file entry_37.txt (compact mmCIF, C-alpha atoms and all ligand atoms)
# COMPACT_ATOMS: atom_id res chain seq x y z
CA MET A 977 25.82 38.88 -5.82
CA LYS A 978 22.30 39.59 -7.04
CA TYR A 979 19.57 39.41 -4.41
CA PHE A 980 15.97 38.21 -4.89
CA ASP A 981 13.17 38.10 -2.33
CA TYR A 982 12.23 34.67 -3.64
CA VAL A 983 14.49 32.16 -5.37
CA ILE A 984 13.08 28.96 -6.87
CA VAL A 985 15.54 26.25 -7.87
CA GLY A 986 13.97 23.86 -10.39
CA GLY A 987 11.84 24.67 -13.40
CA GLY A 988 9.35 21.81 -13.18
CA LEU A 989 5.69 21.90 -12.25
CA ALA A 990 6.36 22.57 -8.55
CA GLY A 991 8.64 25.48 -9.43
CA VAL A 992 6.23 27.23 -11.79
CA SER A 993 3.30 26.62 -9.43
CA ALA A 994 5.26 28.33 -6.66
CA ILE A 995 5.42 31.51 -8.77
CA LYS A 996 1.62 31.53 -8.82
CA GLY A 997 1.47 30.96 -5.06
CA ILE A 998 3.90 33.80 -4.35
CA ARG A 999 2.10 36.21 -6.66
CA GLU A 1000 -1.28 35.45 -5.02
CA ARG A 1001 0.11 37.11 -1.90
CA ASP A 1002 2.94 39.34 -3.04
CA GLY A 1003 2.71 41.26 -6.30
CA GLU A 1004 5.95 43.16 -5.77
CA GLY A 1005 8.70 40.94 -4.38
CA SER A 1006 11.47 39.98 -6.81
CA ILE A 1007 11.47 36.36 -8.01
CA LEU A 1008 14.20 34.29 -9.65
CA LEU A 1009 13.47 30.89 -11.25
CA VAL A 1010 16.67 29.02 -11.97
CA THR A 1011 16.69 25.68 -13.76
CA LYS A 1012 19.11 23.43 -15.52
CA GLU A 1013 16.59 22.59 -18.24
CA VAL A 1014 16.80 23.98 -21.77
CA ASN A 1015 12.99 24.26 -21.83
CA LEU A 1016 10.62 26.39 -19.78
CA PRO A 1017 8.47 24.36 -17.34
CA TYR A 1018 6.32 21.72 -19.04
CA ASN A 1019 4.04 18.89 -17.96
CA ARG A 1020 5.77 15.53 -17.96
CA PRO A 1021 2.74 13.16 -18.12
CA PRO A 1022 2.22 13.67 -21.90
CA LEU A 1023 5.84 12.61 -22.53
CA SER A 1024 4.83 8.96 -22.13
CA LYS A 1025 1.26 9.28 -23.43
CA GLU A 1026 -0.21 11.97 -25.70
CA LEU A 1027 3.04 13.02 -27.39
CA LEU A 1028 4.06 9.46 -28.25
CA LEU A 1029 0.55 8.75 -29.52
CA GLY A 1030 0.44 11.87 -31.67
CA LYS A 1031 -2.48 13.29 -29.68
CA GLU A 1032 -0.57 16.41 -28.59
CA ASP A 1033 2.32 18.44 -29.92
CA VAL A 1034 5.32 19.61 -27.94
CA ALA A 1035 3.91 23.16 -27.98
CA ASP A 1036 0.83 21.92 -26.03
CA ILE A 1037 2.68 20.65 -22.98
CA PHE A 1038 4.16 23.85 -21.55
CA VAL A 1039 2.61 24.77 -18.21
CA GLU A 1040 2.50 28.46 -19.17
CA ASP A 1041 3.37 30.36 -22.31
CA ASP A 1042 6.57 32.42 -22.54
CA ASN A 1043 4.78 35.70 -21.65
CA PHE A 1044 3.74 34.40 -18.24
CA TYR A 1045 7.21 34.91 -16.76
CA ASP A 1046 7.37 38.55 -17.94
CA GLN A 1047 3.83 39.23 -16.79
CA LYS A 1048 4.63 37.88 -13.32
CA GLU A 1049 7.94 39.77 -13.36
CA VAL A 1050 10.04 36.68 -12.85
CA ALA A 1051 13.73 36.55 -13.79
CA VAL A 1052 14.46 33.18 -15.41
CA GLU A 1053 17.91 31.59 -15.63
CA MET A 1054 17.83 28.54 -17.92
CA GLU A 1055 20.50 25.86 -18.37
CA THR A 1056 21.93 26.77 -15.01
CA LEU A 1057 22.80 24.00 -12.60
CA ILE A 1058 22.84 25.12 -8.99
CA THR A 1059 25.54 23.28 -7.10
CA GLU A 1060 25.44 24.81 -3.63
CA VAL A 1061 23.00 26.22 -1.11
CA ASN A 1062 24.49 28.17 1.79
CA PRO A 1063 21.69 28.58 4.32
CA ASP A 1064 23.87 30.56 6.73
CA GLU A 1065 24.49 33.37 4.28
CA LYS A 1066 21.19 32.74 2.42
CA SER A 1067 22.72 32.27 -0.99
CA ILE A 1068 22.94 29.74 -3.79
CA VAL A 1069 25.82 29.14 -6.20
CA GLY A 1070 25.66 27.87 -9.78
CA GLU A 1071 28.08 25.67 -11.71
CA ASP A 1072 28.98 28.83 -13.65
CA GLY A 1073 30.22 30.43 -10.40
CA LYS A 1074 27.39 32.97 -10.17
CA SER A 1075 25.73 33.38 -6.76
CA TYR A 1076 22.34 34.71 -5.82
CA GLY A 1077 21.12 35.87 -2.42
CA TYR A 1078 17.59 34.97 -1.31
CA GLY A 1079 15.01 36.05 1.20
CA LYS A 1080 13.09 32.75 0.85
CA LEU A 1081 14.28 29.75 -1.13
CA LEU A 1082 12.30 26.88 -2.67
CA LEU A 1083 14.02 23.64 -3.63
CA ALA A 1084 11.78 22.24 -6.37
CA THR A 1085 14.44 20.01 -7.85
CA GLY A 1086 12.37 16.86 -8.51
CA GLY A 1087 14.38 13.71 -9.08
CA TYR A 1088 16.89 11.93 -11.29
CA PRO A 1089 16.00 8.77 -13.19
CA ARG A 1090 17.60 5.68 -11.67
CA LYS A 1091 20.16 3.98 -13.89
CA LEU A 1092 20.71 0.26 -14.38
CA ASP A 1093 23.80 -0.58 -12.35
CA ILE A 1094 24.90 -3.42 -14.63
CA PRO A 1095 27.57 -3.81 -17.33
CA GLY A 1096 26.36 -1.81 -20.31
CA GLY A 1097 23.84 0.13 -18.20
CA ASP A 1098 25.58 3.35 -19.22
CA LEU A 1099 25.88 2.56 -22.95
CA GLU A 1100 25.32 5.52 -25.22
CA GLY A 1101 21.81 5.59 -26.60
CA ILE A 1102 19.98 3.94 -23.69
CA ILE A 1103 17.18 6.29 -22.72
CA TYR A 1104 16.43 6.76 -19.03
CA TYR A 1105 13.14 8.44 -19.70
CA ARG A 1106 12.43 11.65 -17.80
CA ASP A 1107 12.44 14.85 -19.82
CA LEU A 1108 11.43 16.52 -23.06
CA GLU A 1109 14.82 15.91 -24.65
CA ASP A 1110 14.38 12.16 -23.94
CA TYR A 1111 11.01 12.31 -25.70
CA LYS A 1112 12.59 13.99 -28.74
CA ARG A 1113 15.26 11.28 -28.96
CA LEU A 1114 12.66 8.54 -28.64
CA HIS A 1115 10.40 10.19 -31.18
CA ASN A 1116 13.24 10.25 -33.74
CA LEU A 1117 14.09 6.62 -33.01
CA ILE A 1118 10.50 5.49 -33.53
CA GLU A 1119 10.74 6.64 -37.15
CA THR A 1120 13.77 4.44 -37.86
CA SER A 1121 13.26 1.43 -35.57
CA LYS A 1122 11.34 -1.82 -35.67
CA SER A 1123 11.81 -3.07 -32.13
CA ALA A 1124 12.28 -1.84 -28.56
CA ILE A 1125 13.21 -3.25 -25.18
CA VAL A 1126 11.47 -1.49 -22.32
CA VAL A 1127 12.99 -2.07 -18.89
CA GLY A 1128 10.62 -1.53 -15.96
CA GLY A 1129 7.08 -2.68 -15.25
CA GLY A 1130 5.84 0.43 -13.44
CA PHE A 1131 3.80 3.27 -14.90
CA ILE A 1132 6.40 4.89 -17.10
CA GLY A 1133 7.56 1.56 -18.56
CA SER A 1134 3.98 0.37 -19.09
CA GLU A 1135 2.87 3.61 -20.75
CA ILE A 1136 5.89 3.74 -23.05
CA ALA A 1137 5.52 0.06 -23.99
CA ALA A 1138 1.85 0.61 -24.88
CA ALA A 1139 2.68 3.71 -26.93
CA LEU A 1140 5.51 1.98 -28.83
CA ASN A 1141 3.28 -1.02 -29.50
CA LEU A 1142 0.62 1.33 -30.90
CA ASN A 1143 3.38 2.83 -33.08
CA ASP A 1144 3.77 -0.69 -34.59
CA LEU A 1145 7.09 -1.54 -32.97
CA ASN A 1146 7.85 -5.02 -31.63
CA VAL A 1147 8.05 -4.39 -27.91
CA LYS A 1148 9.60 -6.54 -25.19
CA MET A 1149 9.19 -5.57 -21.55
CA VAL A 1150 11.66 -6.79 -18.94
CA PHE A 1151 11.15 -6.38 -15.20
CA PRO A 1152 11.79 -8.30 -11.97
CA GLU A 1153 8.23 -8.35 -10.58
CA SER A 1154 5.83 -11.20 -11.42
CA TYR A 1155 3.28 -8.90 -13.11
CA LEU A 1156 3.01 -5.45 -14.62
CA LEU A 1157 2.26 -2.75 -12.04
CA GLU A 1158 2.39 -5.40 -9.34
CA LYS A 1159 3.38 -2.89 -6.64
CA ILE A 1160 0.13 -0.98 -7.09
CA PHE A 1161 -2.56 -3.12 -8.68
CA PRO A 1162 -4.28 -5.92 -6.77
CA LYS A 1163 -2.98 -9.21 -8.22
CA GLU A 1164 -6.11 -10.09 -10.25
CA LEU A 1165 -6.01 -6.65 -11.90
CA ALA A 1166 -2.26 -6.76 -12.57
CA ARG A 1167 -2.73 -10.17 -14.22
CA SER A 1168 -5.57 -8.99 -16.42
CA VAL A 1169 -3.71 -5.83 -17.52
CA GLN A 1170 -0.69 -7.97 -18.37
CA ARG A 1171 -2.87 -10.37 -20.40
CA ASP A 1172 -4.21 -7.38 -22.32
CA TYR A 1173 -0.65 -6.27 -23.16
CA GLU A 1174 0.24 -9.78 -24.31
CA ASP A 1175 -2.92 -10.05 -26.42
CA ARG A 1176 -1.86 -6.86 -28.16
CA GLY A 1177 1.53 -8.36 -28.99
CA VAL A 1178 3.80 -6.99 -26.26
CA LYS A 1179 6.22 -9.72 -25.20
CA ILE A 1180 6.53 -9.70 -21.42
CA LEU A 1181 9.59 -11.06 -19.65
CA SER A 1182 8.44 -10.78 -16.05
CA GLY A 1183 10.35 -12.01 -13.01
CA LYS A 1184 13.64 -11.23 -14.75
CA LEU A 1185 16.45 -8.93 -13.64
CA PRO A 1186 18.59 -7.43 -16.40
CA GLU A 1187 22.23 -8.45 -15.98
CA GLU A 1188 24.08 -7.03 -18.99
CA ILE A 1189 23.46 -4.89 -22.06
CA THR A 1190 25.70 -4.92 -25.13
CA LYS A 1191 25.54 -2.94 -28.34
CA SER A 1192 26.30 -4.26 -31.82
CA ASP A 1193 25.17 -3.72 -35.41
CA GLY A 1194 23.17 -0.66 -34.41
CA GLY A 1195 21.06 -2.57 -31.87
CA TYR A 1196 21.16 -3.72 -28.28
CA THR A 1197 21.17 -7.14 -26.63
CA LEU A 1198 19.90 -7.39 -23.10
CA ARG A 1199 20.67 -10.50 -21.07
CA THR A 1200 18.73 -11.28 -17.91
CA GLU A 1201 20.02 -13.09 -14.83
CA ASP A 1202 18.71 -16.44 -16.05
CA GLY A 1203 20.64 -16.16 -19.33
CA VAL A 1204 17.69 -15.19 -21.59
CA THR A 1205 18.70 -12.65 -24.25
CA SER A 1206 16.51 -10.10 -26.05
CA ARG A 1207 17.43 -7.97 -29.01
CA GLY A 1208 16.03 -4.51 -29.78
CA ASP A 1209 16.82 -1.44 -31.86
CA MET A 1210 16.54 0.66 -28.72
CA VAL A 1211 16.46 0.33 -24.93
CA ILE A 1212 14.25 2.60 -22.81
CA ALA A 1213 14.31 2.32 -19.06
CA GLY A 1214 11.71 3.57 -16.60
CA ILE A 1215 12.90 2.19 -13.29
CA GLY A 1216 12.04 5.00 -10.91
CA ILE A 1217 13.74 8.14 -9.68
CA ASN A 1218 15.96 9.19 -6.82
CA PRO A 1219 14.93 12.48 -5.23
CA ALA A 1220 17.31 15.37 -5.97
CA VAL A 1221 18.63 16.08 -2.49
CA ASP A 1222 22.22 16.95 -3.40
CA LEU A 1223 21.76 20.63 -2.57
CA CYS A 1224 21.18 19.74 1.07
CA LYS A 1225 24.81 18.99 1.91
CA GLU A 1226 25.50 22.30 3.66
CA GLY A 1227 23.43 23.53 6.58
CA ASP A 1228 21.15 21.55 8.83
CA PHE A 1229 18.82 19.95 6.31
CA ASP A 1230 17.06 16.81 7.47
CA VAL A 1231 17.00 14.34 4.61
CA PHE A 1232 15.23 10.98 4.68
CA GLU A 1233 13.90 9.48 1.46
CA GLY A 1234 13.67 13.09 0.29
CA ILE A 1235 14.06 16.58 1.72
CA GLU A 1236 12.13 16.56 4.98
CA VAL A 1237 9.56 19.33 5.36
CA ASP A 1238 6.92 20.11 7.96
CA GLU A 1239 3.22 20.60 7.21
CA HIS A 1240 4.00 24.10 5.92
CA LEU A 1241 6.53 22.63 3.47
CA GLN A 1242 9.34 24.34 5.36
CA THR A 1243 12.62 22.40 5.58
CA SER A 1244 14.67 22.16 8.76
CA CYS A 1245 16.68 25.21 7.52
CA PRO A 1246 15.05 28.60 8.13
CA ASP A 1247 13.52 30.26 5.05
CA VAL A 1248 14.09 27.21 2.84
CA PHE A 1249 11.09 25.26 1.50
CA ALA A 1250 10.80 22.13 -0.65
CA ALA A 1251 7.95 20.84 -2.80
CA GLY A 1252 7.16 18.20 -5.42
CA ASP A 1253 8.97 14.95 -6.20
CA ASN A 1254 11.88 15.75 -3.85
CA ALA A 1255 9.86 16.51 -0.69
CA TYR A 1256 9.30 14.06 2.17
CA PHE A 1257 6.26 15.48 3.89
CA PRO A 1258 3.65 14.70 6.56
CA TYR A 1259 0.61 13.34 4.69
CA ALA A 1260 -2.17 14.44 7.03
CA ALA A 1261 -4.93 12.10 5.82
CA LEU A 1262 -2.66 9.05 6.03
CA GLU A 1263 -1.02 10.11 9.31
CA ASP A 1264 2.30 9.18 7.79
CA CYS A 1265 5.33 10.83 6.18
CA VAL A 1266 5.82 10.10 2.50
CA ARG A 1267 7.35 11.32 -0.73
CA VAL A 1268 5.01 11.40 -3.71
CA GLU A 1269 5.94 11.49 -7.41
CA HIS A 1270 2.69 12.78 -8.85
CA TRP A 1271 1.78 15.66 -11.10
CA ASP A 1272 -1.10 16.83 -8.88
CA ASN A 1273 1.12 16.83 -5.81
CA ALA A 1274 3.79 18.95 -7.53
CA LEU A 1275 1.06 21.34 -8.66
CA ASN A 1276 -0.52 21.82 -5.25
CA GLN A 1277 2.58 21.61 -3.09
CA GLY A 1278 4.42 24.05 -5.34
CA LYS A 1279 1.57 26.54 -5.10
CA LEU A 1280 1.26 26.21 -1.32
CA ALA A 1281 5.03 26.47 -0.84
CA GLY A 1282 4.88 29.73 -2.82
CA ARG A 1283 2.04 31.06 -0.67
CA ASN A 1284 3.90 30.12 2.51
CA MET A 1285 7.13 31.69 1.27
CA ALA A 1286 5.06 34.85 0.96
CA GLY A 1287 3.89 34.52 4.56
CA ALA A 1288 0.63 32.50 4.35
CA ASP A 1289 1.51 29.87 7.00
CA GLU A 1290 -1.03 27.33 5.66
CA PRO A 1291 -0.76 23.56 6.20
CA TYR A 1292 -0.59 21.10 3.31
CA ASP A 1293 -3.59 18.87 3.98
CA TYR A 1294 -4.49 18.06 0.38
CA ILE A 1295 -4.97 14.49 -0.92
CA PRO A 1296 -3.31 14.47 -4.36
CA TYR A 1297 -4.31 12.04 -7.09
CA PHE A 1298 -2.39 10.45 -9.91
CA TYR A 1299 -3.60 9.09 -13.18
CA SER A 1300 -2.47 6.89 -15.99
CA ASP A 1301 -3.73 5.57 -19.31
CA LEU A 1302 -2.75 2.10 -20.46
CA TYR A 1303 -4.20 1.60 -23.95
CA ASP A 1304 -7.91 2.33 -23.42
CA PHE A 1305 -7.78 1.53 -19.71
CA GLY A 1306 -7.56 4.75 -17.69
CA PHE A 1307 -7.58 5.24 -13.96
CA GLU A 1308 -7.08 7.70 -11.12
CA ALA A 1309 -5.65 6.86 -7.71
CA LEU A 1310 -5.75 8.64 -4.36
CA GLY A 1311 -4.09 7.97 -1.04
CA ASP A 1312 -2.03 4.90 -0.27
CA VAL A 1313 -2.40 2.43 -3.13
CA GLN A 1314 0.25 -0.14 -2.35
CA ALA A 1315 -0.71 -3.65 -3.36
CA HIS A 1316 0.59 -5.15 -0.11
CA LEU A 1317 -2.43 -3.63 1.71
CA ASP A 1318 -5.72 -5.57 1.87
CA THR A 1319 -7.64 -4.75 -1.29
CA PHE A 1320 -11.22 -5.14 -2.40
CA ILE A 1321 -12.53 -4.35 -5.89
CA ASP A 1322 -16.15 -3.28 -6.35
CA TRP A 1323 -16.62 -3.93 -10.07
CA LYS A 1324 -19.35 -1.95 -11.84
CA GLU A 1325 -18.55 -3.70 -15.12
CA GLU A 1326 -16.38 -6.77 -14.60
CA GLY A 1327 -12.75 -6.12 -15.57
CA LYS A 1328 -13.54 -2.70 -17.07
CA LYS A 1329 -15.04 -0.27 -14.59
CA GLY A 1330 -14.81 -0.42 -10.84
CA VAL A 1331 -13.37 0.92 -7.62
CA ALA A 1332 -10.50 -0.75 -5.78
CA TYR A 1333 -10.22 0.00 -2.05
CA TYR A 1334 -6.93 -0.33 -0.16
CA LEU A 1335 -7.60 -1.05 3.51
CA SER A 1336 -5.59 -0.94 6.71
CA ASP A 1337 -5.63 -4.00 9.00
CA ASP A 1338 -8.60 -2.56 10.89
CA GLY A 1339 -10.58 -1.76 7.72
CA LYS A 1340 -9.87 1.97 7.26
CA VAL A 1341 -9.78 3.13 3.65
CA ARG A 1342 -6.18 4.25 2.98
CA GLY A 1343 -6.38 4.43 -0.78
CA VAL A 1344 -8.82 4.29 -3.68
CA LEU A 1345 -8.21 3.34 -7.31
CA LEU A 1346 -10.92 4.56 -9.68
CA LEU A 1347 -10.81 2.21 -12.66
CA GLY A 1348 -12.56 3.77 -15.62
CA VAL A 1349 -14.79 5.61 -13.13
CA TRP A 1350 -14.60 9.37 -13.60
CA GLY A 1351 -15.63 12.43 -11.59
CA LYS A 1352 -15.45 10.64 -8.23
CA LYS A 1353 -12.18 11.89 -6.75
CA GLY A 1354 -14.06 13.98 -4.16
CA HIS A 1355 -15.96 10.89 -2.95
CA ALA A 1356 -12.70 8.95 -2.68
CA ARG A 1357 -11.06 11.75 -0.68
CA LYS A 1358 -13.98 11.82 1.78
CA LEU A 1359 -13.77 8.06 2.38
CA ILE A 1360 -10.04 8.30 3.11
CA GLU A 1361 -10.56 11.29 5.42
CA ARG A 1362 -13.34 9.56 7.37
CA LYS A 1363 -10.85 7.09 8.89
CA GLU A 1364 -13.74 4.76 9.81
CA CYS A 1365 -13.52 0.99 9.82
CA PHE A 1366 -15.40 -0.61 6.92
CA ARG A 1367 -16.35 -4.17 6.08
CA GLU A 1368 -16.10 -5.09 2.39
CA GLU A 1369 -19.90 -5.23 2.07
CA ASP A 1370 -20.14 -1.61 3.35
CA LEU A 1371 -17.95 -0.52 0.43
CA VAL A 1372 -20.15 -1.96 -2.32
CA ASP A 1373 -21.49 1.11 -4.15
CA ALA A 1374 -19.81 3.42 -1.60
CA ILE A 1375 -18.51 5.29 -4.67
C1 LIG A 1401 7.38 10.41 -18.49
C2 LIG A 1401 6.63 10.79 -17.24
C3 LIG A 1401 5.26 10.55 -17.16
C4 LIG A 1401 4.56 10.90 -16.02
N1 LIG A 1401 3.22 10.64 -15.97
C5 LIG A 1401 2.53 10.97 -14.86
C6 LIG A 1401 1.12 10.74 -14.78
O1 LIG A 1401 0.51 10.22 -15.72
N2 LIG A 1401 0.46 11.11 -13.66
C7 LIG A 1401 1.10 11.70 -12.61
O2 LIG A 1401 0.45 12.01 -11.61
N3 LIG A 1401 2.43 11.93 -12.63
C8 LIG A 1401 3.16 11.57 -13.73
N4 LIG A 1401 4.51 11.80 -13.78
C9 LIG A 1401 5.17 12.40 -12.60
C10 LIG A 1401 5.09 13.92 -12.61
O3 LIG A 1401 5.38 14.41 -13.87
C11 LIG A 1401 6.03 14.47 -11.55
O4 LIG A 1401 5.52 14.09 -10.30
C12 LIG A 1401 6.21 15.97 -11.62
O5 LIG A 1401 6.75 16.34 -12.86
C13 LIG A 1401 7.12 16.45 -10.51
O6 LIG A 1401 7.35 17.82 -10.66
P1 LIG A 1401 8.54 18.54 -9.86
O7 LIG A 1401 8.44 19.97 -10.25
O8 LIG A 1401 8.53 18.15 -8.44
O9 LIG A 1401 9.88 17.91 -10.44
P2 LIG A 1401 10.49 17.92 -11.90
O10 LIG A 1401 9.43 17.93 -12.92
O11 LIG A 1401 11.49 16.82 -11.93
O12 LIG A 1401 11.25 19.32 -11.99
C14 LIG A 1401 12.46 19.55 -11.31
C15 LIG A 1401 13.27 20.53 -12.11
O13 LIG A 1401 14.39 20.94 -11.37
C16 LIG A 1401 15.53 20.98 -12.22
N5 LIG A 1401 16.70 20.83 -11.34
C17 LIG A 1401 17.00 19.77 -10.55
N6 LIG A 1401 18.13 20.00 -9.85
C18 LIG A 1401 18.54 21.24 -10.21
C19 LIG A 1401 19.66 22.03 -9.84
N7 LIG A 1401 20.55 21.61 -8.95
N8 LIG A 1401 19.81 23.24 -10.42
C20 LIG A 1401 18.90 23.70 -11.33
N9 LIG A 1401 17.82 22.99 -11.71
C21 LIG A 1401 17.65 21.77 -11.16
C22 LIG A 1401 15.30 19.82 -13.16
O14 LIG A 1401 16.05 19.98 -14.33
C23 LIG A 1401 13.80 19.96 -13.41
O15 LIG A 1401 13.54 20.85 -14.42
C24 LIG A 1401 5.25 11.47 -14.92
C25 LIG A 1401 6.62 11.69 -14.99
C26 LIG A 1401 7.32 11.36 -16.14
C27 LIG A 1401 8.81 11.58 -16.20
call {"tool": "encode", "arguments": {"input": "entry_37.txt", "output": "structure tokens"}}
result
Amino acid sequence: MKYFDYVIVGGGLAGVSAIKGIRERDGEGSILLVTKEVNLPYNRPPLSKELLLGKEDVADIFVEDDNFYDQKEVAVEMETLITEVNPDEKSIVGEDGKSYGYGKLLLATGGYPRKLDIPGGDLEGIIYYRDLEDYKRLHNLIETSKSAIVVGGGFIGSEIAAALNLNDLNVKMVFPESYLLEKIFPKELARSVQRDYEDRGVKILSGKLPEEITKSDGGYTLRTEDGVTSRGDMVIAGIGINPAVDLCKEGDFDVFEGIEVDEHLQTSCPDVFAAGDNAYFPYAALEDCVRVEHWDNALNQGKLAGRNMAGADEPYDYIPYFYSDLYDFGFEALGDVQAHLDTFIDWKEEGKKGVAYYLSDDGKVRGVLLLGVWGKKGHARKLIERKECFREEDLVDAI
């Protein structure tokens, strides 16, 4: 069994960021990055935006170029699925039967796309959009298709629908909520974004749960619970992910909505850390434990996990942001932006530019959505950290 001082399972953004964190503190220790992907770590956000819009090429999305791994003296095992972690003997085992011993281990395994649990939900050709290979399949289909059904009204579904519409496909969106992005946007905003989609020709079937998908004559028919059918040359689903926690079966891992870690990103098993989409962590500014599926969180948690694996012992007290672009409407969000909170929008330019505040019952700012307002993430972070009670009028022009 080969031994490495540091083993990182998962070649996503958290995994590659951990290499940087380790090397900031330890230039010598041996590192293994093992991932089931066929590609070296890349950024996922362009998969549903720039790549589909022809604004970037595949070569642009890799987090680091191929030389990085040699320069940092990292052994990389690609296309290798790890199936077991044995915390007692500090080893991991791959599907190919190979085992590796570790000094410190990082689980940066991200998540798996949720599948539609309905008849036809597993039909060949349905794309549950998550990785670069999914993008390549979709890209090829765009060339030969006229229409698409997009299942899911969250970010991934909304971004893909916009991109396919801009590629001149007839797009139908199907989702159970009443409005696009309803779980995050205040209702008035969700309504206006949805109107914009409809004005651009996207057909929206909101409030509808898919019940069955069938395939015939090279296309798909999706039937919703109320009997409405839609036909499309392809079906793409973006209905969320489940955190990859399957390596936590052995040992004493605490798992709840993700792999539980403390403020140092250390799991309940000694010398094992977790970071990124799979980690359920204490979010200091919100005084709550959460799991976050954002690029910036994977970047910063991965790096800090790496530093802590190399002995730094630093707490994760960062407030990550996420961003999205829906046609020409772009935004950044920080903190807790769940639409069920009290919200107040301070418009700078009605319907176009503004700041949405998400408030606790006693008026503390828990989250901020910067709508077409750029360069203000630091201001938003400070407001969340202040934990003071605000009235709506105090928040006018606060950012
Ligand atoms: C299409 C798309 C668009 C997005 N857009 C945005 C955006 O605009 N803004 C934003 O903030 N966030 C966005 N995100 C989310 C963001 O990309 C993720 O939060 C981030 O990629 C998480 O990184 P990660 O390293 O934790 O996990 P992942 O990127 O999922 O990486 C985990 C890696 O581990 C590997 N792995 C898993 N299990 C094993 C195993 N047992 N053995 C070996 N390898 C394993 C996987 O193959 C994968 O390579 C988007 C995501 C997608 C899919």
call {"tool": "atom_distance", "arguments": {"input": "entry_37.txt", "atom1": "atom CA of A:Asn1254", "atom2": "atom CA of A:Asn1015"}}
result
19.9 Å
call {"tool": "atom_distance", "arguments": {"input": "entry_37.txt", "atom1": "atom CA of A:Asp1033", "atom2": "atom C24 of ligand LIG 1401 (chain A)"}}
result
16.8 Å
call {"tool": "residues_around", "arguments": {"input": "entry_37.txt", "residues": "stretch 1299-1306 of chain A", "least_positions_apart": "5", "cutoff": "7 Å", "atoms": "all atoms listed in the file", "output": "MDAnalysis selection string"}}
result
chainID A and resid 1135 1138 1347:1348
call {"tool": "closest_atom_pairs", "arguments": {"input": "entry_37.txt", "of": "chain A", "to": "ligand LIG 1401 (chain A)", "cutoff": "6 Å", "atoms": "only C-alpha atoms and all ligand atoms", "output": "tab-separated table"}}
result
residue	atom	partner	partner_atom	distance
A:Val985	CA	A:LIG1401	C20	5.5
A:Gly986	CA	A:LIG1401	O13	3.1
A:Gly987	CA	A:LIG1401	O15	4.3
A:Gly988	CA	A:LIG1401	O12	3.4
A:Leu989	CA	A:LIG1401	O7	3.9
A:Ala990	CA	A:LIG1401	O7	3.7
A:Gly991	CA	A:LIG1401	O7	5.6
A:Val1010	CA	A:LIG1401	C20	5.8
A:Thr1011	CA	A:LIG1401	N9	3.6
A:Lys1012	CA	A:LIG1401	N9	4.0
A:Glu1013	CA	A:LIG1401	O14	4.7
A:Arg1020	CA	A:LIG1401	O3	4.3
A:Pro1021	CA	A:LIG1401	N1	3.3
A:Leu1023	CA	A:LIG1401	C1	4.9
A:Ser1024	CA	A:LIG1401	C1	4.7
A:Thr1056	CA	A:LIG1401	C20	5.7
A:Leu1057	CA	A:LIG1401	N8	3.8
A:Ile1058	CA	A:LIG1401	N8	3.8
A:Thr1059	CA	A:LIG1401	N7	5.6
A:Ala1084	CA	A:LIG1401	O7	5.6
A:Thr1085	CA	A:LIG1401	O13	3.6
A:Gly1086	CA	A:LIG1401	O9	3.3
A:Gly1087	CA	A:LIG1401	O11	5.1
A:Arg1106	CA	A:LIG1401	C27	4.0
A:Ile1132	CA	A:LIG1401	C3	5.8
A:Gly1252	CA	A:LIG1401	O8	3.3
A:Asp1253	CA	A:LIG1401	O8	3.9
A:Glu1269	CA	A:LIG1401	O4	3.9
A:His1270	CA	A:LIG1401	O4	3.4
A:Trp1271	CA	A:LIG1401	O2	3.9
A:Asp1272	CA	A:LIG1401	O2	5.8
A:Ala1274	CA	A:LIG1401	O6	4.9
A:Phe1298	CA	A:LIG1401	O2	3.7
A:Tyr1299	CA	A:LIG1401	N2	4.6
A:Ser1300	CA	A:LIG1401	O1	4.5
call {"tool": "closest_residue", "arguments": {"input": "entry_37.txt", "among": "A:Phe1229, A:Tyr1018, A:Phe1151, A:Tyr1105", "to": "A:Leu1198", "atoms": "only C-alpha atoms"}}
result
A:Phe1151
call {"tool": "atom_distance", "arguments": {"input": "entry_37.txt", "atom1": "atom CA of A:Lys978", "atom2": "atom CA of A:Leu1008"}}
result
10.0 Å
call {"tool": "build_atoms", "arguments": {"input": "entry_37.txt", "residues": "stretch 1265-1270 of chain A", "atoms": "N, CA and C atoms", "output": "PDB file, in the coordinates of the input"}}
result
ATOM      1  N   CYS A1265       4.479   9.969   7.003  1.00  0.00           N
ATOM      2  CA  CYS A1265       5.330  10.830   6.180  1.00  0.00           C
ATOM      3  C   CYS A1265       5.688  10.084   4.907  1.00  0.00           C
ATOM      4  N   VAL A1266       5.602  10.760   3.788  1.00  0.00           N
ATOM      5  CA  VAL A1266       5.820  10.100   2.500  1.00  0.00           C
ATOM      6  C   VAL A1266       6.487  11.068   1.522  1.00  0.00           C
ATOM      7  N   ARG A1267       6.937  10.503   0.408  1.00  0.00           N
ATOM      8  CA  ARG A1267       7.350  11.320  -0.730  1.00  0.00           C
ATOM      9  C   ARG A1267       6.490  10.847  -1.890  1.00  0.00           C
ATOM     10  N   VAL A1268       5.972  11.763  -2.685  1.00  0.00           N
ATOM     11  CA  VAL A1268       5.010  11.400  -3.710  1.00  0.00           C
ATOM     12  C   VAL A1268       5.488  11.932  -5.060  1.00  0.00           C
ATOM     13  N   GLU A1269       5.465  11.064  -6.071  1.00  0.00           N
ATOM     14  CA  GLU A1269       5.940  11.490  -7.410  1.00  0.00           C
ATOM     15  C   GLU A1269       4.759  11.646  -8.353  1.00  0.00           C
ATOM     16  N   HIS A1270       3.887  12.600  -8.035  1.00  0.00           N
ATOM     17  CA  HIS A1270       2.690  12.780  -8.850  1.00  0.00           C
ATOM     18  C   HIS A1270       2.539  14.222  -9.290  1.00  0.00           C
TER      19      HIS A1270
END
